[in-house]
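**Student:** Supplied structure: query01.cif, mmCIF, C-alpha atoms and all ligand atoms.
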data_my_file
#
loop_
_atom_site.label_atom_id
_atom_site.label_comp_id
_atom_site.auth_asym_id
_atom_site.auth_seq_id
_atom_site.Cartn_x
_atom_site.Cartn_y
_atom_site.Cartn_z
CA MET A 1 100.43 59.65 -48.13
CA LYS A 2 101.93 62.81 -49.44
CA SER A 3 102.54 61.32 -52.86
CA LEU A 4 99.01 59.98 -52.93
CA VAL A 5 97.50 63.37 -52.22
CA HIS A 6 99.81 64.94 -54.73
CA ARG A 7 98.93 62.43 -57.38
CA PHE A 8 95.17 62.77 -57.00
CA LEU A 9 95.03 66.48 -56.57
CA THR A 10 97.17 67.25 -59.56
CA THR A 11 94.88 65.16 -61.75
CA ASN A 12 91.81 66.96 -60.41
CA ALA A 13 90.29 69.33 -62.94
CA GLU A 14 90.20 72.16 -60.39
CA ALA A 15 92.96 74.68 -60.91
CA ARG A 16 95.86 74.43 -58.50
CA THR A 17 99.59 74.64 -58.46
CA ASN A 18 102.01 72.23 -56.88
CA ASN A 19 102.13 73.97 -53.55
CA GLU A 20 98.54 75.13 -53.45
CA ILE A 21 95.26 73.34 -53.07
CA THR A 22 91.83 74.68 -54.01
CA VAL A 23 88.93 73.80 -51.75
CA LEU A 24 85.47 75.35 -52.23
CA GLY A 25 86.99 77.94 -54.55
CA CYS A 26 89.71 79.13 -52.15
CA ASN A 27 93.43 78.46 -52.44
CA TYR A 28 95.41 77.14 -49.50
CA LEU A 29 99.11 76.49 -49.11
CA ARG A 30 99.94 72.83 -48.71
CA ASP A 31 102.32 71.55 -46.11
CA ALA A 32 103.27 68.30 -44.42
CA TRP A 33 99.80 68.16 -42.81
CA THR A 34 97.84 68.22 -46.06
CA ASN A 35 95.95 64.93 -46.26
CA VAL A 36 92.54 65.78 -47.70
CA SER A 37 91.76 63.52 -50.65
CA LEU A 38 90.00 64.17 -53.93
CA ASN A 39 87.12 61.90 -52.97
CA ILE A 40 86.54 63.98 -49.85
CA ILE A 41 86.89 67.33 -51.63
CA SER A 42 84.22 66.19 -54.08
CA LYS A 43 81.72 65.94 -51.19
CA LEU A 44 82.05 69.59 -50.16
CA GLY A 45 79.12 71.64 -51.32
CA ARG A 46 76.73 68.71 -51.83
CA ASN A 47 74.75 70.05 -48.82
CA LEU A 48 72.52 67.02 -48.46
CA HIS A 49 71.05 68.47 -45.25
CA VAL A 50 69.42 71.30 -47.20
CA THR A 51 68.59 69.38 -50.38
CA GLN A 52 64.83 69.33 -50.96
CA TYR A 53 63.22 65.94 -50.17
CA HIS A 54 66.53 64.40 -49.06
CA PRO A 55 65.99 62.20 -45.98
CA LEU A 56 68.65 64.16 -44.07
CA SER A 57 66.84 67.41 -44.81
CA HIS A 58 63.58 65.95 -43.46
CA ILE A 59 65.39 65.07 -40.21
CA ARG A 60 66.96 68.54 -40.15
CA GLN A 61 63.52 70.15 -40.57
CA GLN A 62 62.00 68.06 -37.77
CA ILE A 63 64.74 69.17 -35.37
CA VAL A 64 64.45 72.84 -36.40
CA ASN A 65 60.63 72.79 -36.09
CA TYR A 66 60.89 71.27 -32.62
CA PHE A 67 63.21 74.05 -31.37
CA TYR A 68 61.12 76.77 -33.03
CA LYS A 69 58.06 75.44 -31.24
CA GLN A 70 59.75 74.87 -27.89
CA PHE A 71 61.44 78.24 -27.32
CA TYR A 72 59.64 81.46 -28.20
CA ASN A 73 59.48 85.04 -26.93
CA ARG A 74 56.70 87.28 -25.59
CA ILE A 75 55.10 87.73 -29.00
CA GLY A 76 55.42 84.11 -30.05
CA ASN A 77 58.50 84.32 -32.26
CA SER A 78 61.12 81.61 -32.03
CA ILE A 79 64.27 82.66 -30.17
CA PHE A 80 66.44 79.99 -31.80
CA SER A 81 68.34 80.93 -34.95
CA VAL A 82 69.45 78.27 -37.42
CA HIS A 83 72.88 78.25 -39.10
CA ASP A 84 73.10 75.59 -41.77
CA ASN A 85 75.36 77.06 -44.42
CA ILE A 86 78.58 77.80 -42.53
CA SER A 87 81.63 76.64 -44.52
CA PRO A 88 83.05 73.33 -43.24
CA ILE A 89 86.59 74.69 -43.60
CA VAL A 90 87.74 75.73 -40.12
CA THR A 91 90.94 76.63 -38.29
CA THR A 92 92.49 74.43 -35.62
CA ALA A 93 91.66 77.30 -33.24
CA GLN A 94 87.94 76.90 -34.00
CA GLN A 95 87.89 73.10 -34.12
CA PHE A 96 90.07 72.48 -31.02
CA ASP A 97 91.40 75.47 -29.05
CA SER A 98 88.07 77.30 -28.69
CA LEU A 99 86.64 74.10 -27.19
CA LEU A 100 89.50 73.51 -24.73
CA ILE A 101 90.64 70.37 -26.56
CA PRO A 102 94.22 69.81 -25.30
CA GLU A 103 97.28 70.01 -27.60
CA ASP A 104 97.93 66.28 -27.30
CA HIS A 105 94.31 65.12 -27.67
CA PRO A 106 93.97 62.15 -30.07
CA SER A 107 91.18 63.89 -32.02
CA ARG A 108 93.80 66.31 -33.41
CA LYS A 109 95.75 63.52 -35.10
CA LYS A 110 96.44 63.57 -38.80
CA THR A 111 95.14 60.02 -39.03
CA ASP A 112 91.71 61.15 -37.73
CA CYS A 113 91.08 64.49 -39.45
CA TYR A 114 91.21 65.89 -42.96
CA TYR A 115 93.78 68.67 -42.85
CA ILE A 116 94.08 71.22 -45.65
CA ASN A 117 97.27 72.40 -43.98
CA GLN A 118 98.69 72.67 -40.49
CA ASN A 119 96.21 75.36 -39.38
CA THR A 120 93.20 74.54 -41.54
CA LEU A 121 91.00 71.48 -41.67
CA LEU A 122 87.53 70.19 -42.50
CA ARG A 123 85.46 70.42 -39.30
CA ALA A 124 85.05 67.10 -37.50
CA HIS A 125 82.02 68.36 -35.56
CA THR A 126 79.65 71.31 -35.90
CA THR A 127 80.59 72.31 -32.35
CA ALA A 128 83.59 74.01 -34.04
CA HIS A 129 81.39 77.10 -34.63
CA GLN A 130 79.93 77.33 -31.14
CA ALA A 131 82.36 79.92 -29.71
CA ASP A 132 82.17 82.13 -32.83
CA LEU A 133 78.38 82.33 -32.73
CA ILE A 134 78.44 83.08 -29.00
CA SER A 135 81.02 85.83 -29.65
CA MET A 136 78.63 87.28 -32.22
CA GLY A 137 76.11 87.74 -29.41
CA LEU A 138 73.79 84.80 -30.05
CA ASN A 139 72.20 83.07 -27.04
CA ASN A 140 70.00 80.40 -28.63
CA PHE A 141 71.04 78.71 -31.85
CA LEU A 142 71.34 75.54 -33.91
CA ILE A 143 74.27 74.71 -36.20
CA ILE A 144 73.66 72.07 -38.86
CA GLY A 145 76.17 70.88 -41.43
CA ASP A 146 78.48 68.30 -42.95
CA VAL A 147 81.40 67.01 -40.85
CA TYR A 148 84.50 65.06 -41.86
CA ARG A 149 86.38 62.31 -40.01
CA LYS A 150 88.86 59.74 -41.25
CA ASP A 151 87.20 56.43 -40.58
CA GLU A 152 86.89 52.81 -41.56
CA ILE A 153 84.58 51.81 -44.40
CA ASP A 154 81.43 49.88 -43.73
CA ARG A 155 77.64 50.03 -43.68
CA VAL A 156 77.51 52.52 -40.81
CA HIS A 157 80.75 54.50 -41.20
CA TYR A 158 81.50 57.07 -43.85
CA PRO A 159 84.12 59.83 -43.65
CA VAL A 160 81.48 62.51 -44.29
CA PHE A 161 78.29 62.78 -42.26
CA HIS A 162 76.02 65.47 -40.85
CA GLN A 163 75.48 66.89 -37.39
CA ALA A 164 73.17 69.28 -35.59
CA ASP A 165 74.44 71.19 -32.55
CA GLY A 166 72.33 73.29 -30.24
CA VAL A 167 73.30 75.96 -27.69
CA ARG A 168 71.24 77.87 -25.13
CA LEU A 169 72.65 80.55 -22.81
CA CYS A 170 70.67 81.99 -19.90
CA THR A 171 70.99 84.95 -17.55
CA VAL A 172 70.45 84.62 -13.81
CA GLN A 173 66.91 86.06 -14.21
CA GLU A 174 66.04 83.49 -16.88
CA VAL A 175 67.42 80.57 -14.89
CA PHE A 176 65.43 81.45 -11.77
CA SER A 177 62.37 82.92 -13.54
CA ASN A 178 60.10 80.17 -12.23
CA THR A 179 61.44 80.37 -8.69
CA LYS A 180 59.11 81.89 -6.06
CA ASP A 181 61.73 83.90 -4.17
CA PRO A 182 64.75 84.30 -6.47
CA ASP A 183 66.49 86.93 -4.33
CA GLY A 184 69.91 85.75 -3.30
CA LEU A 185 70.01 82.96 -5.90
CA ARG A 186 73.19 83.17 -7.98
CA LEU A 187 74.69 81.46 -11.05
CA PHE A 188 78.25 81.63 -9.74
CA GLU A 189 80.10 80.99 -6.52
CA HIS A 190 83.65 81.83 -5.50
CA ARG A 191 86.06 79.17 -4.36
CA GLY A 192 83.64 76.40 -5.33
CA VAL A 193 85.08 73.00 -6.16
CA GLU A 194 84.44 70.92 -9.23
CA SER A 195 82.52 67.69 -8.60
CA SER A 196 80.80 65.11 -10.79
CA GLU A 197 77.69 67.32 -10.54
CA LYS A 198 79.08 70.75 -11.44
CA GLN A 199 81.99 72.97 -12.42
CA GLY A 200 83.78 74.80 -9.61
CA CYS A 201 82.44 78.23 -10.59
CA HIS A 202 78.74 77.29 -10.80
CA THR A 203 76.20 77.07 -7.98
CA LEU A 204 74.56 73.67 -7.69
CA GLU A 205 71.06 75.21 -7.97
CA SER A 206 71.78 76.94 -11.28
CA VAL A 207 73.34 73.81 -12.78
CA LYS A 208 70.43 71.62 -11.67
CA ILE A 209 67.89 73.95 -13.28
CA MET A 210 69.90 74.06 -16.54
CA GLU A 211 70.39 70.29 -16.47
CA HIS A 212 66.66 69.82 -16.00
CA GLU A 213 65.80 72.08 -18.94
CA LEU A 214 68.47 70.45 -21.14
CA LYS A 215 67.30 66.92 -20.40
CA ASN A 216 63.60 67.77 -20.78
CA THR A 217 64.27 69.50 -24.07
CA LEU A 218 66.21 66.55 -25.47
CA ILE A 219 63.74 63.92 -24.25
CA GLY A 220 61.06 66.00 -25.96
CA LEU A 221 63.13 65.94 -29.14
CA ALA A 222 63.53 62.16 -28.91
CA GLN A 223 59.75 61.80 -28.46
CA THR A 224 59.11 64.05 -31.46
CA LEU A 225 61.37 61.92 -33.64
CA PHE A 226 60.65 58.42 -32.32
CA GLY A 227 57.18 58.76 -30.83
CA LYS A 228 55.75 59.51 -27.37
CA ASP A 229 56.49 56.07 -25.91
CA ILE A 230 60.21 55.95 -26.71
CA ARG A 231 62.33 54.57 -23.83
CA CYS A 232 65.23 56.91 -22.96
CA LYS A 233 68.26 56.59 -20.72
CA TRP A 234 70.99 59.02 -19.64
CA VAL A 235 74.59 57.85 -19.49
CA GLU A 236 77.37 59.97 -17.98
CA GLN A 237 79.92 61.07 -20.56
CA TYR A 238 83.04 63.18 -20.90
CA PHE A 239 83.62 66.01 -23.37
CA PRO A 240 86.41 68.59 -22.97
CA PHE A 241 83.92 71.41 -23.64
CA THR A 242 81.08 70.51 -21.27
CA HIS A 243 80.78 69.48 -17.62
CA PRO A 244 78.82 67.66 -16.48
CA SER A 245 78.19 65.77 -19.73
CA TRP A 246 75.75 63.05 -20.75
CA GLU A 247 74.75 60.87 -23.62
CA LEU A 248 71.10 60.18 -24.41
CA GLU A 249 70.31 56.64 -25.54
CA VAL A 250 66.95 55.53 -26.92
CA TYR A 251 65.60 51.98 -27.17
CA TYR A 252 64.41 51.51 -30.73
CA LYS A 253 63.82 48.38 -32.79
CA ASP A 254 65.23 46.12 -30.04
CA GLN A 255 68.45 47.98 -29.38
CA TRP A 256 69.88 50.95 -27.47
CA LEU A 257 70.95 53.69 -29.84
CA GLU A 258 73.29 56.53 -28.81
CA LEU A 259 71.33 59.53 -29.95
CA LEU A 260 73.37 62.54 -28.80
CA GLY A 261 75.99 64.04 -26.52
CA CYS A 262 75.31 67.07 -24.34
CA GLY A 263 76.24 68.97 -21.21
CA ILE A 264 76.71 72.25 -19.36
CA ILE A 265 79.13 74.43 -21.36
CA ARG A 266 82.54 74.98 -19.74
CA GLN A 267 82.38 78.50 -18.30
CA GLU A 268 85.87 79.26 -19.67
CA ILE A 269 84.41 79.02 -23.20
CA LEU A 270 81.63 81.51 -22.41
CA GLN A 271 84.13 83.79 -20.66
CA SER A 272 86.44 83.87 -23.70
CA ALA A 273 83.49 84.47 -26.02
CA GLY A 274 82.24 87.46 -24.02
CA ALA A 275 79.22 85.74 -22.42
CA GLY A 276 80.76 85.11 -19.01
CA GLU A 277 77.72 86.41 -17.12
CA ARG A 278 75.53 83.59 -18.52
CA ILE A 279 75.34 79.85 -18.00
CA GLY A 280 74.71 77.54 -20.96
CA TRP A 281 73.92 74.09 -22.21
CA ALA A 282 74.85 72.46 -25.51
CA PHE A 283 74.24 69.23 -27.40
CA GLY A 284 75.30 67.59 -30.64
CA LEU A 285 73.78 64.75 -32.64
CA GLY A 286 74.43 62.89 -35.89
CA LEU A 287 71.74 63.01 -38.56
CA GLU A 288 72.63 59.87 -40.53
CA ARG A 289 72.32 57.48 -37.63
CA LEU A 290 68.93 58.95 -36.81
CA ALA A 291 67.72 58.77 -40.39
CA MET A 292 69.00 55.20 -40.84
CA CYS A 293 67.08 54.17 -37.78
CA LEU A 294 63.85 56.05 -38.48
CA TYR A 295 63.63 55.23 -42.19
CA ASN A 296 65.25 51.79 -41.98
CA ILE A 297 68.05 52.78 -44.36
CA PRO A 298 70.58 49.90 -44.31
CA ASP A 299 73.73 51.61 -45.61
CA ILE A 300 75.11 55.09 -44.86
CA ARG A 301 76.43 55.44 -48.41
CA LEU A 302 72.88 55.46 -49.75
CA PHE A 303 72.53 59.08 -48.56
CA TRP A 304 74.98 60.03 -51.35
CA SER A 305 73.06 58.14 -53.99
CA LYS A 306 71.58 60.09 -56.89
CA ASP A 307 69.47 57.08 -57.88
CA SER A 308 65.83 58.03 -58.19
CA GLY A 309 64.95 54.59 -56.80
CA PHE A 310 66.34 55.83 -53.49
CA LEU A 311 65.48 59.55 -53.59
CA ASN A 312 61.88 59.13 -54.75
CA GLN A 313 61.01 57.21 -51.61
CA PHE A 314 61.46 60.48 -49.67
CA LYS A 315 59.55 62.79 -51.99
CA PHE A 316 57.04 64.22 -49.53
CA GLU A 317 56.36 67.74 -48.20
CA ASP A 318 55.67 67.03 -44.52
CA PRO A 319 58.98 66.25 -42.76
CA ASN A 320 57.10 64.26 -40.10
CA THR A 321 55.98 61.67 -42.65
CA MET A 322 57.11 58.23 -41.49
CA VAL A 323 58.25 55.92 -44.29
CA GLN A 324 60.25 52.71 -44.26
CA TYR A 325 62.87 52.46 -46.98
CA LYS A 326 62.51 49.46 -49.28
CA PRO A 327 65.80 48.26 -50.78
CA ILE A 328 65.64 48.42 -54.57
CA SER A 329 67.59 45.18 -54.93
CA ILE A 330 70.53 43.33 -53.46
CA TYR A 331 73.70 42.93 -55.51
CA PRO A 332 76.24 40.15 -54.98
CA GLN A 333 79.49 40.69 -53.08
CA CYS A 334 82.88 39.98 -54.54
CA LYS A 335 85.88 39.41 -52.24
CA ASN A 336 89.61 39.84 -52.90
CA ASP A 337 92.52 39.65 -50.47
CA VAL A 338 95.64 41.78 -50.30
CA SER A 339 98.69 41.22 -48.02
CA PHE A 340 101.64 43.49 -47.53
CA TRP A 341 104.69 44.03 -45.34
CA LEU A 342 104.41 47.21 -43.31
CA PRO A 343 107.20 49.81 -43.56
CA GLU A 344 109.77 49.38 -40.78
CA ASP A 345 109.64 53.05 -39.74
CA GLY A 346 106.22 52.60 -38.13
CA SER A 347 104.58 55.14 -40.48
CA TYR A 348 101.75 52.82 -41.52
CA SER A 349 98.21 53.77 -40.44
CA PRO A 350 95.19 51.66 -41.47
CA ASN A 351 93.11 54.85 -41.94
CA ASP A 352 95.44 55.94 -44.75
CA PHE A 353 94.91 52.53 -46.36
CA TYR A 354 91.11 52.94 -46.07
CA ASP A 355 91.42 56.35 -47.67
CA ILE A 356 93.28 54.97 -50.66
CA ILE A 357 90.62 52.33 -51.08
CA GLN A 358 87.91 55.01 -51.03
CA ASP A 359 89.75 57.06 -53.60
CA VAL A 360 90.46 54.23 -55.98
CA ALA A 361 87.33 52.14 -55.56
CA ASN A 362 84.86 55.03 -55.63
CA HIS A 363 81.84 53.42 -53.91
CA ARG A 364 82.63 49.88 -54.97
CA VAL A 365 83.97 48.72 -51.59
CA GLU A 366 81.55 47.67 -48.88
CA GLN A 367 83.96 46.49 -46.18
CA VAL A 368 87.63 46.11 -45.41
CA ILE A 369 88.44 43.35 -42.92
CA LEU A 370 91.84 42.86 -41.29
CA LYS A 371 92.08 39.07 -41.65
CA ASP A 372 95.56 38.32 -40.38
CA VAL A 373 98.60 39.94 -38.76
CA TYR A 374 101.86 38.04 -39.15
CA THR A 375 105.31 38.76 -37.72
CA HIS A 376 108.23 37.14 -39.54
CA PRO A 377 110.10 34.96 -36.98
CA VAL A 378 113.55 36.04 -38.15
CA THR A 379 113.30 39.53 -39.66
CA LYS A 380 110.47 40.59 -37.24
CA ARG A 381 108.80 42.40 -40.12
CA VAL A 382 105.02 42.64 -39.75
CA SER A 383 102.55 41.88 -42.49
CA HIS A 384 98.82 42.60 -42.70
CA CYS A 385 96.33 40.64 -44.75
CA TYR A 386 93.02 42.35 -45.59
CA THR A 387 89.91 41.06 -47.28
CA ILE A 388 88.31 43.74 -49.41
CA VAL A 389 84.61 43.16 -49.97
CA TYR A 390 83.49 44.75 -53.21
CA ARG A 391 79.87 45.56 -53.71
CA HIS A 392 78.17 48.43 -55.46
CA MET A 393 74.96 49.75 -53.96
CA GLU A 394 73.41 50.33 -57.35
CA ARG A 395 74.61 47.61 -59.74
CA THR A 396 76.23 44.22 -60.07
CA LEU A 397 80.02 44.29 -60.27
CA ILE A 398 81.69 41.90 -62.66
CA LYS A 399 84.90 40.11 -61.67
CA ARG A 400 86.96 41.80 -64.36
CA GLU A 401 86.12 45.27 -63.09
CA VAL A 402 86.81 44.24 -59.49
CA ASN A 403 90.20 42.80 -60.43
CA LYS A 404 91.16 46.00 -62.17
CA VAL A 405 90.23 48.11 -59.14
CA HIS A 406 92.02 45.66 -56.85
CA ASP A 407 95.22 45.91 -58.87
CA ARG A 408 95.06 49.69 -58.75
CA ILE A 409 94.64 49.60 -54.98
CA LYS A 410 97.75 47.39 -54.73
CA GLN A 411 99.69 49.78 -56.91
CA HIS A 412 98.64 52.83 -54.91
CA VAL A 413 99.38 51.34 -51.50
CA THR A 414 102.83 50.36 -52.72
CA GLU A 415 103.55 53.87 -53.95
CA CYS A 416 101.93 55.86 -51.17
CA LEU A 417 102.25 53.88 -47.96
CA HIS A 418 105.72 52.39 -48.60
CA VAL A 419 104.45 48.89 -48.01
CA THR A 420 105.59 45.81 -49.93
CA VAL A 421 102.72 43.84 -51.43
CA ARG A 422 103.32 40.10 -50.95
N1 LIG B 1 80.64 67.51 -30.59
C1 LIG B 1 80.26 66.31 -29.88
C2 LIG B 1 80.47 65.10 -30.84
O1 LIG B 1 80.70 65.29 -32.01
C3 LIG B 1 78.82 66.34 -29.41
C4 LIG B 1 78.56 67.41 -28.37
C5 LIG B 1 78.20 68.71 -28.74
C6 LIG B 1 78.66 67.11 -27.01
C7 LIG B 1 77.97 69.67 -27.78
C8 LIG B 1 78.42 68.06 -26.04
C9 LIG B 1 78.07 69.35 -26.43
O2 LIG B 1 80.39 63.96 -30.42
#
What would the structure in this file look like if it were written as structure tokens?
**Tutor:**
Amino acid sequence: MKSLVHRFLTTNAEARTNNEITVLGCNYLRDAWTNVSLNIISKLGRNLHVTQYHPLSHIRQQIVNYFYKQFYNRIGNSIFSVHDNISPIVTTAQQFDSLLIPEDHPSRKKTDCYYINQNTLLRAHTTAHQADLISMGLNNFLIIGDVYRKDEIDRVHYPVFHQADGVRLCTVQEVFSNTKDPDGLRLFEHRGVESSEKQGCHTLESVKIMEHELKNTLIGLAQTLFGKDIRCKWVEQYFPFTHPSWELEVYYKDQWLELLGCGIIRQEILQSAGAGERIGWAFGLGLERLAMCLYNIPDIRLFWSKDSGFLNQFKFEDPNTMVQYKPISIYPQCKNDVSFWLPEDGSYSPNDFYDIIQDVANHRVEQVILKDVYTHPVTKRVSHCYTIVYRHMERTLIKREVNKVHDRIKQHVTECLHVTVR
């Protein structure tokens, strides 16, 4: 992988030296953790979520408008602030430590995240900024931005997507403001025990009121996006940074769709951020999945398209406009197989293979399917056979072009992943 990164980055036009890497105009020292690829770096700064008329920006605006309308102060001003241009380059302290994600948690793995170096990475969720904004003194805010995760390649997975996170912190007066006789009602209790319903430090009554507000708010959001009659269901979930935690699913177009994750913020996070006297809720949702569902967009890669045939279908001022995307045309698929022996040191990871394909094929691969795993009866070496499905979203691929790309993929996997192509 190291040689792959090296190879691509040194051919990139952006200025950089051998031991430095330039991302969004800043230089970073490389180390053994550096695994961010040129294809990924090229996505930084596209800011689809704030691009006028882009479907993701319509979804963003609908969410923002809903929160502006829902929470306002005495004189009718919104109390939610919106943060949608925070740099996606974060520290491991922001991405993991500030959210109580343990040292050995799988989400920290090099095979799952894009690291710039050991301490710096591209955020994998917008929750990475939650503690910073709380430390700055904010109590009600939304964070919207691009997030990066190493992933497989298909119609619904892409290593870059967009999220919106929301946070609301309340004082004891706010929590019990609608209670007839709030005297004696507290947010916190000593020597409480954690249960499935609450954290040890919280009183059950404060958590139940926060849970009620959180769930009502998010059901209201679902109804705003999908319509008044949308069927919703709550599923218990686990996140290291909230407890209790839930997932909201909505029934849309004959299937249950996971819309968002949410919960009561771990008090330890508020304590460390200087808001220990408040209780809070938080949620996070993915914009692409929502937009694909609402606009009937069949492929997540279309969001990156600059084709006017795609973009013009969303050229309207009112973000609440409901349109159904009409595919411009369907292009034929072209399949090629590749088999290789894995290196014996166990260093092979399929995500690195998918990354190479992304880099080399540049939007010409629709799917990668693991077709066969074979262990040699004598040498015990393991081989993988993959079918790579080539298809461009915007034009017909000819066999000659596909063969050329396929050969380059073979060459790169041999050089970078220490596999032996069969
Ligand atoms: N960050 C979580 C995710 O990416 C979503 C989440 C945000 C859950 C905030 C709870 C609270 O899946």
**Student:** Near stretch 294-305 of chain A, counting all atoms listed in the file, which residues have an atom at most 6 Å away, once you skip same-chain residues fewer than 3 positions from it, shown as a list in words?
**Tutor:**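 Result of the neighbour search: Arg155, Val156, Ala291, Val323, Gln324 and Tyr325 of chain A.
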**Student:** List every residue of stretch 320-371 of chain A that has an atom at most 10 Å from any atom of stretch 28-43 of chain A, giving for each one its closest atom pair and the distance in Å to one decimal, counting all atoms listed in the file, sorted by chain and then by ascending residue number, as CSV.
**Tutor:**
residue,atom,partner,partner_atom,distance
A:Asp352,CA,A:Asn35,CA,9.1
A:Asp355,CA,A:Ser37,CA,7.8
A:Ile356,CA,A:Ser37,CA,8.7
A:Gln358,CA,A:Asn39,CA,7.2
A:Asp359,CA,A:Asn39,CA,5.5
A:Val360,CA,A:Asn39,CA,8.9
A:Asn362,CA,A:Asn39,CA,7.7
**Student:** When you count all atoms listed in the file, which of these residues is closest to ligand LIG 1 (chain B): A:Tyr251, A:Tyr114, A:Tyr158, A:Phe96?
**Tutor:**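 Closest candidate: A:Phe96.
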**Student:** Measuring between only C-alpha atoms, which one of A:Gln173, A:Ser245, A:Ser349, A:Asn27 shows the shortest distance to A:Lys150?
**Tutor:**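 Between A:Gln173, A:Ser245, A:Ser349, A:Asn27, the residue approaching A:Lys150 most closely is A:Ser349.
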**Student:** Name the residues, using the chain letters and numbers of the file, that sit within 12 Å of (78.4, 67.7, -32.2) when counting all atoms listed in the file, and give them as a ChimeraX atom specification.
**Tutor:** /A:95,99,123-130,142-148,161-167,239,241-242,247,259-263,282-287
**Student:** Let me make sure I understand: among A:Ile59, A:Ile79, A:Leu133, A:Val23, which one has the smallest atom-to-atom distance to A:Tyr115 if we use all atoms listed in the file?
**Tutor:**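 Under the stated criterion, the closest residue is A:Val23.
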**Student:** Given only C-alpha atoms and all ligand atoms as the basis, pick out the residue of A:Cys416, A:Cys293, A:Met136, A:Ile101 nearest to ligand LIG 1 (chain B).
**Tutor:** A:Ile101
**Student:** Might I get the box with edges along x, y and z of the file that holds all atoms of ligand LIG 1 (chain B) listed there, padded by 4 Å on every side, given as centre and edge lengths in Å to one decimal, as AutoDock Vina command-line options?
**Tutor:**
--center_x 79.3 --center_y 66.8 --center_z -29.0 --size_x 10.7 --size_y 13.7 --size_z 14.0
**Student:** One decimal, Å: what's the distance from atom CA of A:Gln411 over to atom CA of A:Lys109, could you say?
**Tutor:**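 It comes out at 26.1 Å.
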